[in-house]
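**Q** Take a look at this one; I'll ask things after.
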Amino acid sequence: MKLKKKKNHITFDKRMIRFISVALIISTSLIISVSAVSTVISLTNKSAQMATKEVEAMASNTEDNFGQYHGLIWSIILDDHIQDYFEDQDNQYGYINEANSILENICNMWENINFISIVRNDGSGFLIKGNSIPNWMFNYKEKIQEDYENGISMKDNGMTMLFTKEYSAKGEYTLNIYYPLYSNTMIGRKLGTMCINIDDSNLLQLVTNASGNETFVVDTYFIHKDGKIISSTDTDQIYTEFDEKESMKAEQITSNWGNLIIYKALSGWDFYYVTRIGWWELLRDSVWTVVTLGVLLAGLIIVIIRLAKKMVTKAYEPWGNVVKSMGQVSKGELDTRLQVLERDPDMQVVSNGFNSMMEQIIKLMDQVKEEQYQIDQIRLEALHSQIQPHFLYNTLDCIHWQAVVSGNQDISNLVKALASYYRICLSKGKDIITIREELEYIKNYLYIQRMRYGEILNYEIISEPGLEEAMIPKLTLQPLVENAIYHGIKLSDNQEGNIKIQVSKEPSGIQIEIEDSGPGMTDGKIEEINQMISIYDEQFGYGVRNVNRRIELYYGKEYGLTYQRNEQGGVTVKVLLPDIYEKKKGEQYQDEGTNC
């Protein structure tokens, strides 16, 4: 209790200084955190971009090299001298010089080719040309065939490869590419196997750690799609399984607990380049940046707090008068005003604003009193106006009974229809009524109109069972039926016209169709009406657009009116409503007037 009391006695300027100090410390901590995170993200993104560009460059170079190797192989296979050497079993030695010449020319043109060898399928002979022929291999022909069968698939055409030291006298890695040699004249006839031994710069670059990236240490792998490592900056891992082969995709950047991993697939080949960068390699340069930023911000906080203490103490001295004046206002003394201090521009604004606010409050209170008086007058007038409908019902009822006494049944029916028309129209002030009441209202309206236009107006009302107790905004159908009469039936040159009203259940709700057999409208006019129907305009009263607007306001824009042409040549308007029912079924509006 004493601690709370002591806290309440802390002056406002000291509270502000404490608040500013805490705010500065929190904001500084946030700045350091955000800066550290943004630095890490920025460095990570830059490192990922650098590594990605490097991997993409290696992948592109390898794709180009492999494409050139593939083209070279096909040029050898399709050469007539090579084909003649293999095809002519009886005279193969007659073509050996030409075939050797072809292979020797190719080796001279390609500096990175160590040798080219072709082994006959039946083992009866082979050709080999190049600058680094492995003469020390006594079983060379068998070795070529064995390595071809056990080689790693390069693509789905029988092309295989090995990246090995076995074919180099210096113990260096070379790339062996194997390809089956088929006859050009007989489809499917295998003649032999071709082997090209190449010093591939891209794959050699990995095993010699010549990536060219001196910013941070990375591990780069050339991996087959089945996960086997072909070449790597860590030569101990060559021809081992890559430990994260399940996550390899065409182009992807992923991370685990200790590494950032970048994948790049070779287009058209069964290989990936994968670069793995340790997180410490990415983040170590950002540590000093974050520490330096923290020291600078800590010194800045100390300076700002001292300046803030002086400013707060001086700036908030005049606010005692403001607090006192607000206390007087809270007690109901609305004539309280602040003294405007000339020496303090800020307090001038506050004092003038306070005084102006009090004047506005007094004016608003007077305005509220006047508006309340007007509302009371409107309610009184509305109460008086309720007497008029009863007078109208009683008068119509008197006319009805006078017509019955006189034996004029048409006048009696017409007056009854008119009385029912107005009774449902008023509906005790309700805006939402049942479809049954709305249809009863429309029946009375159509009866009156038929009495007016005679036999040229026929109408039919059909409703599926159970739908008449659904709810509908009052006066929804009358403007639509009125349009059907005045713009449809009435314009038919005294020809007999039909109006059909049908209530049906649809998946999206309850649909009411008003169909007329009038002259109709053009497709362009109907499209224009459907586009403009949601635009509200007060001058149309209860017109079509206002009916649509009321439905949208009650139930949403997915409900409302839609116009279309019908098979009779007239116009059909469809009213879509939600499937909502009255809580108490069977309730009807009844006239509370008395009879004459």
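By convention in this document, the chains of the structure tokens carry letters A, B, ... by their order, each chain's residues are numbered from 1, and ligands are numbered from 1 in the order they are shown.
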Just list as an MDAnalysis selection string whatever in region 129-237 of chain A DSSP marks as helix (DSSP H, G or I).
**A** chainID A and resid 140:150 201:207 235:237
**Q** Name all residues at most 12 Å from Lys264 (chain A) (count only C-alpha atoms; drop same-chain ones fewer than 4 positions away) and give them as a PyMOL selection string.
**A** chain A and resi 51-60+62-63+220-225+247-254+269-276
**Q** Using only C-alpha atoms, pick whichever of A:Ile448, A:Ile461, A:Ile196, A:Val547 has the shortest atom-to-atom distance to Glu513 (chain A).
**A**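 Among the listed residues, the smallest separation from Glu513 (chain A) belongs to A:Ile461.
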**Q** Counting only C-alpha atoms, which of A:Leu181, A:Ile485, A:Ile580, A:Val37 gets nearest to Arg450 (chain A)?
**A**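 Nearest to Arg450 (chain A): A:Ile485.
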